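The next block is input_38.txt, given as compact mmCIF, C-alpha atoms.
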```txt
# COMPACT_ATOMS: atom_id res chain seq x y z
CA MET A 156 86.74 134.58 82.74
CA ARG A 157 83.03 134.67 81.97
CA MET A 158 83.59 132.38 79.02
CA ILE A 159 85.65 129.98 81.14
CA SER A 160 83.02 129.94 83.91
CA GLN A 161 80.49 128.46 81.50
CA TYR A 162 82.86 125.52 81.02
CA LEU A 163 83.33 124.87 84.75
CA PRO A 164 80.87 121.93 84.67
CA ASP A 165 83.06 120.35 81.98
CA PHE A 166 86.14 120.85 84.14
CA PHE A 167 84.46 119.27 87.16
CA GLU A 168 83.37 116.30 85.06
CA ALA A 169 86.96 116.00 83.86
CA LEU A 170 88.18 116.22 87.47
CA PHE A 171 85.88 113.32 88.37
CA GLU A 172 87.26 111.32 85.44
CA THR A 173 90.82 112.10 86.54
CA LEU A 174 90.15 110.99 90.11
CA LYS A 175 88.36 107.86 88.88
CA VAL A 176 91.34 106.82 86.75
CA ALA A 177 93.75 107.62 89.60
CA ALA A 178 91.68 105.81 92.25
CA LEU A 179 91.25 102.61 90.25
CA SER A 180 94.88 102.61 89.16
CA GLY A 181 95.96 103.32 92.73
CA VAL A 182 94.06 100.32 94.10
CA PHE A 183 95.50 97.93 91.53
CA ALA A 184 98.97 99.48 91.88
CA LEU A 185 98.85 98.97 95.65
CA ILE A 186 97.98 95.29 95.18
CA ILE A 187 100.72 94.83 92.57
CA GLY A 188 103.26 96.78 94.60
CA THR A 189 102.53 94.87 97.79
CA VAL A 190 102.86 91.47 96.12
CA VAL A 191 106.00 92.45 94.21
CA GLY A 192 107.48 94.12 97.30
CA ILE A 193 106.99 90.98 99.37
CA ILE A 194 108.45 88.76 96.65
CA SER A 195 111.49 91.02 96.35
CA THR A 196 112.39 90.28 99.98
CA MET A 197 112.48 86.52 99.40
CA LYS A 198 115.75 84.67 99.00
CA SER A 199 114.67 82.60 96.00
CA LYS A 200 116.32 83.75 92.77
CA LEU A 201 113.43 82.29 90.79
CA ALA A 202 111.20 84.85 92.48
CA ILE A 203 113.59 87.78 92.60
CA ILE A 204 114.72 87.73 88.94
CA PRO A 205 111.24 88.25 87.35
CA VAL A 206 110.48 90.94 89.91
CA GLY A 207 113.77 92.68 89.17
CA ILE A 208 113.08 92.57 85.43
CA TYR A 209 109.59 94.01 85.94
CA THR A 210 110.62 96.90 88.19
CA GLY A 211 113.74 97.65 86.15
CA PHE A 212 111.85 97.66 82.86
CA ILE A 213 109.01 99.86 84.14
CA ARG A 214 111.30 102.37 85.84
CA SER A 215 113.61 102.68 82.83
CA THR A 216 110.94 103.30 80.18
CA PRO A 217 108.70 106.38 79.80
CA LEU A 218 105.12 106.09 81.01
CA LEU A 219 103.88 107.57 77.74
CA VAL A 220 105.54 104.77 75.78
CA GLN A 221 103.99 102.24 78.16
CA LEU A 222 100.56 103.75 77.50
CA TYR A 223 101.06 103.49 73.75
CA PHE A 224 102.35 99.92 74.05
CA VAL A 225 99.36 98.74 76.09
CA HIS A 226 96.76 100.47 73.91
CA TYR A 227 98.25 100.03 70.45
CA GLY A 228 100.67 97.15 70.92
CA LEU A 229 98.60 94.57 72.78
CA PRO A 230 95.81 94.43 70.14
CA ILE A 231 98.35 92.78 67.81
CA THR A 232 98.38 89.84 70.25
CA GLY A 233 94.58 89.69 70.20
CA ILE A 234 94.03 91.64 73.42
CA MET A 235 91.57 94.40 72.62
CA LEU A 236 91.21 97.14 75.21
CA THR A 237 89.28 100.38 75.52
CA SER A 238 91.16 103.61 76.17
CA PHE A 239 90.03 103.57 79.80
CA GLN A 240 91.17 99.97 80.32
CA SER A 241 94.53 100.67 78.69
CA ALA A 242 95.08 103.67 80.95
CA ILE A 243 94.22 101.69 84.10
CA ILE A 244 96.59 98.86 83.15
CA ALA A 245 99.48 101.15 82.22
CA PHE A 246 99.14 103.38 85.29
CA SER A 247 98.71 100.39 87.61
CA LEU A 248 101.80 98.61 86.32
CA ASN A 249 103.86 101.79 86.36
CA SER A 250 102.88 102.96 89.82
CA GLY A 251 102.98 99.39 91.15
CA ALA A 252 106.69 99.17 90.34
CA TYR A 253 107.43 102.24 92.46
CA ILE A 254 105.13 101.15 95.27
CA SER A 255 106.93 97.80 95.38
CA GLU A 256 110.14 99.61 96.29
CA ILE A 257 108.32 101.49 99.05
CA VAL A 258 106.89 98.24 100.40
CA ARG A 259 110.26 96.50 100.13
CA GLY A 260 111.90 99.30 102.11
CA GLY A 261 109.18 99.08 104.75
CA LEU A 262 109.63 95.33 105.08
CA ALA A 263 113.40 95.70 105.33
CA SER A 264 112.98 98.14 108.23
CA MET A 265 111.01 95.65 110.32
CA ASP A 266 112.66 93.89 113.23
CA LYS A 267 113.28 90.25 112.29
CA GLY A 268 112.55 89.29 115.86
CA GLN A 269 108.84 89.77 115.24
CA SER A 270 108.82 87.13 112.52
CA GLU A 271 110.79 84.74 114.71
CA ALA A 272 108.41 85.32 117.62
CA SER A 273 105.35 84.70 115.45
CA ARG A 274 106.81 81.43 114.18
CA ALA A 275 107.50 80.42 117.77
CA LEU A 276 103.80 81.02 118.49
CA GLY A 277 102.87 78.66 115.67
CA LEU A 278 101.72 81.26 113.13
CA SER A 279 102.20 80.49 109.46
CA TRP A 280 104.15 82.79 107.14
CA PHE A 281 100.90 84.08 105.63
CA GLN A 282 99.39 84.75 109.05
CA THR A 283 102.55 86.52 110.17
CA MET A 284 102.52 88.80 107.14
CA ARG A 285 98.79 89.51 107.30
CA LEU A 286 98.37 89.97 111.04
CA ILE A 287 101.71 91.29 112.26
CA ILE A 288 104.13 92.53 109.61
CA LEU A 289 102.01 94.23 106.92
CA PRO A 290 99.84 96.31 109.31
CA GLN A 291 103.00 97.82 110.81
CA VAL A 292 104.64 98.26 107.42
CA PHE A 293 101.70 100.15 105.94
CA LYS A 294 101.57 102.41 108.97
CA LYS A 295 105.22 103.30 108.34
CA ILE A 296 104.99 103.77 104.60
CA LEU A 297 101.65 105.59 104.43
CA PRO A 298 103.19 109.07 103.84
CA PRO A 299 105.32 107.92 100.87
CA LEU A 300 102.34 105.99 99.53
CA ILE A 301 100.30 109.20 99.59
CA SER A 302 103.17 110.93 97.82
CA GLN A 303 103.19 108.24 95.14
CA PHE A 304 99.44 108.66 94.72
CA SER A 305 99.94 112.39 94.13
CA TYR A 306 102.41 111.52 91.36
CA LEU A 307 99.87 109.11 89.92
CA ILE A 308 97.20 111.82 89.81
CA LYS A 309 99.57 114.09 87.87
CA ASP A 310 100.54 111.24 85.54
CA THR A 311 96.89 110.75 84.56
CA SER A 312 97.31 113.85 82.39
CA LEU A 313 99.01 111.55 79.89
CA ALA A 314 95.70 109.75 79.43
CA ALA A 315 94.78 112.67 77.16
CA VAL A 316 96.72 110.95 74.37
CA LEU A 317 94.17 108.11 74.54
CA VAL A 318 91.29 110.62 74.23
CA ILE A 319 90.12 110.03 77.80
CA PRO A 320 88.13 113.12 78.89
CA GLU A 321 90.25 113.93 81.95
CA LEU A 322 91.48 117.40 82.90
CA THR A 323 94.24 117.84 80.34
CA TYR A 324 92.19 116.57 77.42
CA THR A 325 89.25 118.75 78.43
CA ALA A 326 91.48 121.82 78.82
CA ARG A 327 92.97 121.25 75.38
CA LYS A 328 89.52 120.89 73.85
CA ILE A 329 88.21 124.05 75.54
CA ALA A 330 91.34 126.01 74.58
CA ALA A 331 90.83 125.06 70.94
CA ARG A 332 87.20 126.11 71.15
CA THR A 333 87.61 129.42 73.00
CA TYR A 334 91.14 130.47 71.91
CA MET A 335 91.88 131.10 75.60
CA PRO A 336 94.77 128.73 76.42
CA PHE A 337 95.88 130.67 79.51
CA GLU A 338 92.54 130.30 81.27
CA SER A 339 91.78 126.87 79.81
CA PHE A 340 94.95 125.28 81.17
CA GLY A 341 95.04 127.49 84.26
CA VAL A 342 91.87 125.92 85.68
CA PRO A 343 93.16 122.33 85.68
CA MET A 344 96.50 123.53 87.06
CA LEU A 345 94.68 125.02 90.04
CA MET A 346 92.69 121.81 90.45
CA TYR A 347 95.85 119.68 90.42
CA PHE A 348 97.44 122.03 92.94
CA GLY A 349 94.38 121.83 95.18
CA ILE A 350 94.53 118.03 95.14
CA TYR A 351 98.23 118.16 95.96
CA LEU A 352 97.61 120.45 98.94
CA ILE A 353 94.95 118.13 100.32
CA LEU A 354 97.26 115.13 100.00
CA ALA A 355 100.20 117.06 101.49
CA LEU A 356 98.10 118.04 104.51
CA LEU A 357 96.89 114.47 104.89
CA SER A 358 100.44 113.14 104.71
CA ARG A 359 101.72 115.61 107.31
CA PHE A 360 98.78 114.87 109.60
CA ILE A 361 99.46 111.13 109.41
CA SER A 362 103.20 111.47 109.88
CA GLY A 363 102.60 113.84 112.82
CA LYS A 364 105.08 116.48 111.64
CA LYS A 365 104.38 119.61 113.64
CA GLU A 366 107.72 121.37 113.63
CA PRO A 367 107.25 124.99 114.77
CA GLY A 368 108.49 127.77 112.52
CA ARG A 369 109.09 125.65 109.44
CA SER A 370 109.33 127.52 106.16
CA ALA A 371 106.64 127.49 103.48
CA ARG A 372 108.97 125.41 101.33
CA ARG A 373 109.02 122.65 103.94
CA TRP A 374 105.32 123.05 104.76
CA PHE A 375 104.25 122.44 101.18
CA GLY A 376 106.70 119.56 100.87
CA PHE A 377 108.51 120.94 97.82
CA GLY A 378 111.77 119.21 97.07
CA LYS A 379 111.06 116.28 99.37
CA VAL A 380 108.74 113.35 99.74
CA VAL A 381 105.27 114.54 100.67
```
Give the structure from this file in structure tokens form.
Amino acid sequence: MRMISQYLPDFFEALFETLKVAALSGVFALIIGTVVGIISTMKSKLAIIPVGIYTGFIRSTPLLVQLYFVHYGLPITGIMLTSFQSAIIAFSLNSGAYISEIVRGGLASMDKGQSEASRALGLSWFQTMRLIILPQVFKKILPPLISQFSYLIKDTSLAAVLVIPELTYTARKIAARTYMPFESFGVPMLMYFGIYLILALLSRFISGKKEPGRSARRWFGFGKVV
């Protein structure tokens, strides 16, 4: 443990890198997911078909393959990206596809009478979405969005294949240097778990779930959406 403690600064730097990748990807994924989710509720086939292809393709292919495609495949077309840029693009597109389904479900749960009332008041479609519909939708879907963000944080471990110095890459490097794989990978596991607990508490606070006497399994959110 003494040997691992001297590498704690490296682990905290890696944690910052992990959170930076997750935060940037999460912002872009939220934008992509919101736009795609709104488009998926439209009646135009010209809009729905590309969206369906995008979400279907992303959800049916491994994230690791998507990372490799963005970083090693796109340069063939003349698009040169750094490892960090490739990771942000791949994670954003991947998480955005799942967020779009969350947004679509939230929009489908809204009472159509609100849209009709806003049109009767002379509001445009854009004003209705921005001022009335989306604020209510995001309030409803915030817990599953937090859950999706927790998945995104765990998925950033795959960025190690692009030699990004996040937690997994740093743990692998320290394990090779110290010959202490148990401790080297144990530290990032505890860090990931700590992040998950914070997000789980935040989700339960927002959703207002205060059921008395619930089991630890339900409290931690295992086996269900955070």
Margin query: I'd like the neighbourhood of range 278-290 of chain A as a list in words, where a residue qualifies if any of its atoms comes within 10 Å (using only C-alpha atoms), though same-chain residues fewer than 5 positions away should be ignored.
Written below: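 So, after excluding close chain neighbours, the residues are Thr189, Ile193, Val258, Gly261, Leu262, Met265, Asp266, Lys267, Gln269, Ser270, Glu271, Ala272, Ser273 and Lys295 of chain A.
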Next item on the list: Please write as a list in words the list of polymer residues whose atoms come within 9 Å of (97.0, 112.7, 85.6), counting all atoms listed in the file and keeping to the coordinates of the file.
Entry: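 Every polymer residue passing the test: Thr173, Leu174, Val176, Ala177, Tyr306, Leu307, Ile308, Lys309, Asp310, Thr311, Ser312, Leu313, Ala314, Ala315, Glu321, Leu322, Thr323 and Tyr347 of chain A.
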Next item on the list: Mind giving me the straight-line distance from CA of Ser255 in chain A to CA of Val292 in chain A in Å, one decimal?
Entry: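 Going from CA of Ser255 in chain A over to CA of Val292 in chain A, I get 12.3 Å.
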Check: Distance CA of Ala326 in chain A-CA of Leu218 in chain A, one decimal place?
Finding: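 Between CA of Ala326 in chain A and CA of Leu218 in chain A the gap is 20.9 Å.
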Checklist line | Interatomic distance (Å, one decimal) between CA of Val206 in chain A and CA of Met235 in chain A | finding: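 About the pair CA of Val206 in chain A and CA of Met235 in chain A: they are 25.9 Å apart.
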Margin query: Env of range 240-253 of chain A: 7 Å cut, atoms = all atoms listed in the file, seq-sep filter 4 positions within chain, self excluded. Answer as a list in words.
Written below: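 Close residues of range 240-253 of chain A: Val176, Leu179, Ser180, Gly181, Phe183, Ala184, Leu185, Ile187, Gly188, Thr210, Ile213, Leu218, Gln221, Leu222, Val225, His226, Leu236, Ile257, Leu307 and Ala314 of chain A.
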Item checked: Spatial neighbours of Glu338 in chain A, 9 Å, all atoms listed in the file, chain gap at least 2 places, as a list in words -> Met156, Ile159, Ala326, Ala330, Met335, Pro336, Phe340, Gly341 and Val342 of chain A
Expected file content for range 308-320 of chain A, all heavy atoms, as a PDB file, in the first residue's frame:
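The resulting file, out_22.pdb, is reproduced below:
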```pdb
ATOM      1  N   ILE A 308     -19.421   7.424 -17.825  1.00  0.00           N
ATOM      2  CA  ILE A 308     -18.184   7.499 -17.049  1.00  0.00           C
ATOM      3  C   ILE A 308     -17.478   6.141 -17.058  1.00  0.00           C
ATOM      4  O   ILE A 308     -16.250   6.057 -17.210  1.00  0.00           O
ATOM      5  CB  ILE A 308     -18.479   7.956 -15.607  1.00  0.00           C
ATOM      6  CG1 ILE A 308     -18.922   9.425 -15.607  1.00  0.00           C
ATOM      7  CG2 ILE A 308     -17.242   7.783 -14.725  1.00  0.00           C
ATOM      8  CD1 ILE A 308     -19.339   9.931 -14.245  1.00  0.00           C
ATOM      9  N   LYS A 309     -18.232   5.064 -16.895  1.00  0.00           N
ATOM     10  CA  LYS A 309     -17.617   3.732 -16.926  1.00  0.00           C
ATOM     11  C   LYS A 309     -17.084   3.396 -18.315  1.00  0.00           C
ATOM     12  O   LYS A 309     -16.029   2.757 -18.447  1.00  0.00           O
ATOM     13  CB  LYS A 309     -18.635   2.687 -16.469  1.00  0.00           C
ATOM     14  CG  LYS A 309     -18.963   2.766 -14.987  1.00  0.00           C
ATOM     15  CD  LYS A 309     -19.914   1.683 -14.548  1.00  0.00           C
ATOM     16  CE  LYS A 309     -21.320   1.938 -15.047  1.00  0.00           C
ATOM     17  NZ  LYS A 309     -22.287   0.954 -14.497  1.00  0.00           N
ATOM     18  N   ASP A 310     -17.795   3.838 -19.349  1.00  0.00           N
ATOM     19  CA  ASP A 310     -17.355   3.560 -20.715  1.00  0.00           C
ATOM     20  C   ASP A 310     -16.051   4.269 -21.058  1.00  0.00           C
ATOM     21  O   ASP A 310     -15.330   3.828 -21.967  1.00  0.00           O
ATOM     22  CB  ASP A 310     -18.436   3.980 -21.720  1.00  0.00           C
ATOM     23  CG  ASP A 310     -19.625   3.037 -21.719  1.00  0.00           C
ATOM     24  OD1 ASP A 310     -19.480   1.899 -21.248  1.00  0.00           O
ATOM     25  OD2 ASP A 310     -20.711   3.450 -22.180  1.00  0.00           O
ATOM     26  N   THR A 311     -15.739   5.361 -20.362  1.00  0.00           N
ATOM     27  CA  THR A 311     -14.494   6.076 -20.668  1.00  0.00           C
ATOM     28  C   THR A 311     -13.265   5.209 -20.425  1.00  0.00           C
ATOM     29  O   THR A 311     -12.180   5.551 -20.896  1.00  0.00           O
ATOM     30  CB  THR A 311     -14.369   7.358 -19.821  1.00  0.00           C
ATOM     31  OG1 THR A 311     -14.421   7.023 -18.424  1.00  0.00           O
ATOM     32  CG2 THR A 311     -15.481   8.343 -20.151  1.00  0.00           C
ATOM     33  N   SER A 312     -13.431   4.106 -19.698  1.00  0.00           N
ATOM     34  CA  SER A 312     -12.295   3.201 -19.493  1.00  0.00           C
ATOM     35  C   SER A 312     -11.770   2.655 -20.816  1.00  0.00           C
ATOM     36  O   SER A 312     -10.600   2.286 -20.926  1.00  0.00           O
ATOM     37  CB  SER A 312     -12.692   2.054 -18.566  1.00  0.00           C
ATOM     38  OG  SER A 312     -13.725   1.279 -19.141  1.00  0.00           O
ATOM     39  N   LEU A 313     -12.640   2.612 -21.827  1.00  0.00           N
ATOM     40  CA  LEU A 313     -12.212   2.121 -23.139  1.00  0.00           C
ATOM     41  C   LEU A 313     -11.263   3.092 -23.825  1.00  0.00           C
ATOM     42  O   LEU A 313     -10.586   2.719 -24.788  1.00  0.00           O
ATOM     43  CB  LEU A 313     -13.439   1.878 -24.035  1.00  0.00           C
ATOM     44  CG  LEU A 313     -14.384   0.764 -23.593  1.00  0.00           C
ATOM     45  CD1 LEU A 313     -15.602   0.710 -24.503  1.00  0.00           C
ATOM     46  CD2 LEU A 313     -13.670  -0.576 -23.588  1.00  0.00           C
ATOM     47  N   ALA A 314     -11.229   4.346 -23.348  1.00  0.00           N
ATOM     48  CA  ALA A 314     -10.311   5.319 -23.942  1.00  0.00           C
ATOM     49  C   ALA A 314      -8.857   4.924 -23.729  1.00  0.00           C
ATOM     50  O   ALA A 314      -7.957   5.475 -24.359  1.00  0.00           O
ATOM     51  CB  ALA A 314     -10.573   6.705 -23.362  1.00  0.00           C
ATOM     52  N   ALA A 315      -8.632   3.953 -22.841  1.00  0.00           N
ATOM     53  CA  ALA A 315      -7.264   3.473 -22.610  1.00  0.00           C
ATOM     54  C   ALA A 315      -6.647   2.906 -23.884  1.00  0.00           C
ATOM     55  O   ALA A 315      -5.427   2.963 -24.067  1.00  0.00           O
ATOM     56  CB  ALA A 315      -7.263   2.414 -21.512  1.00  0.00           C
ATOM     57  N   VAL A 316      -7.487   2.373 -24.783  1.00  0.00           N
ATOM     58  CA  VAL A 316      -6.942   1.792 -26.019  1.00  0.00           C
ATOM     59  C   VAL A 316      -6.388   2.872 -26.940  1.00  0.00           C
ATOM     60  O   VAL A 316      -5.611   2.576 -27.845  1.00  0.00           O
ATOM     61  CB  VAL A 316      -8.021   0.970 -26.765  1.00  0.00           C
ATOM     62  CG1 VAL A 316      -8.532  -0.160 -25.891  1.00  0.00           C
ATOM     63  CG2 VAL A 316      -9.169   1.854 -27.238  1.00  0.00           C
ATOM     64  N   LEU A 317      -6.794   4.127 -26.714  1.00  0.00           N
ATOM     65  CA  LEU A 317      -6.279   5.246 -27.502  1.00  0.00           C
ATOM     66  C   LEU A 317      -5.152   5.973 -26.763  1.00  0.00           C
ATOM     67  O   LEU A 317      -4.778   7.075 -27.133  1.00  0.00           O
ATOM     68  CB  LEU A 317      -7.405   6.228 -27.826  1.00  0.00           C
ATOM     69  CG  LEU A 317      -8.601   5.669 -28.606  1.00  0.00           C
ATOM     70  CD1 LEU A 317      -9.589   6.781 -28.935  1.00  0.00           C
ATOM     71  CD2 LEU A 317      -8.142   4.969 -29.881  1.00  0.00           C
ATOM     72  N   VAL A 318      -4.650   5.354 -25.698  1.00  0.00           N
ATOM     73  CA  VAL A 318      -3.537   5.882 -24.906  1.00  0.00           C
ATOM     74  C   VAL A 318      -3.901   7.239 -24.294  1.00  0.00           C
ATOM     75  O   VAL A 318      -3.062   8.146 -24.243  1.00  0.00           O
ATOM     76  CB  VAL A 318      -2.232   5.982 -25.737  1.00  0.00           C
ATOM     77  CG1 VAL A 318      -1.025   6.059 -24.814  1.00  0.00           C
ATOM     78  CG2 VAL A 318      -2.085   4.799 -26.657  1.00  0.00           C
ATOM     79  N   ILE A 319      -5.148   7.384 -23.870  1.00  0.00           N
ATOM     80  CA  ILE A 319      -5.552   8.564 -23.121  1.00  0.00           C
ATOM     81  C   ILE A 319      -5.298   8.267 -21.643  1.00  0.00           C
ATOM     82  O   ILE A 319      -5.743   7.228 -21.140  1.00  0.00           O
ATOM     83  CB  ILE A 319      -7.032   8.894 -23.368  1.00  0.00           C
ATOM     84  CG1 ILE A 319      -7.223   9.311 -24.826  1.00  0.00           C
ATOM     85  CG2 ILE A 319      -7.521   9.995 -22.438  1.00  0.00           C
ATOM     86  CD1 ILE A 319      -8.656   9.586 -25.207  1.00  0.00           C
ATOM     87  N   PRO A 320      -4.613   9.134 -20.920  1.00  0.00           N
ATOM     88  CA  PRO A 320      -4.217   8.827 -19.534  1.00  0.00           C
ATOM     89  C   PRO A 320      -5.356   8.933 -18.527  1.00  0.00           C
ATOM     90  O   PRO A 320      -5.278   9.680 -17.559  1.00  0.00           O
ATOM     91  CB  PRO A 320      -3.140   9.879 -19.259  1.00  0.00           C
ATOM     92  CG  PRO A 320      -3.503  11.034 -20.116  1.00  0.00           C
ATOM     93  CD  PRO A 320      -4.068  10.424 -21.378  1.00  0.00           C
TER      94      PRO A 320
END
```
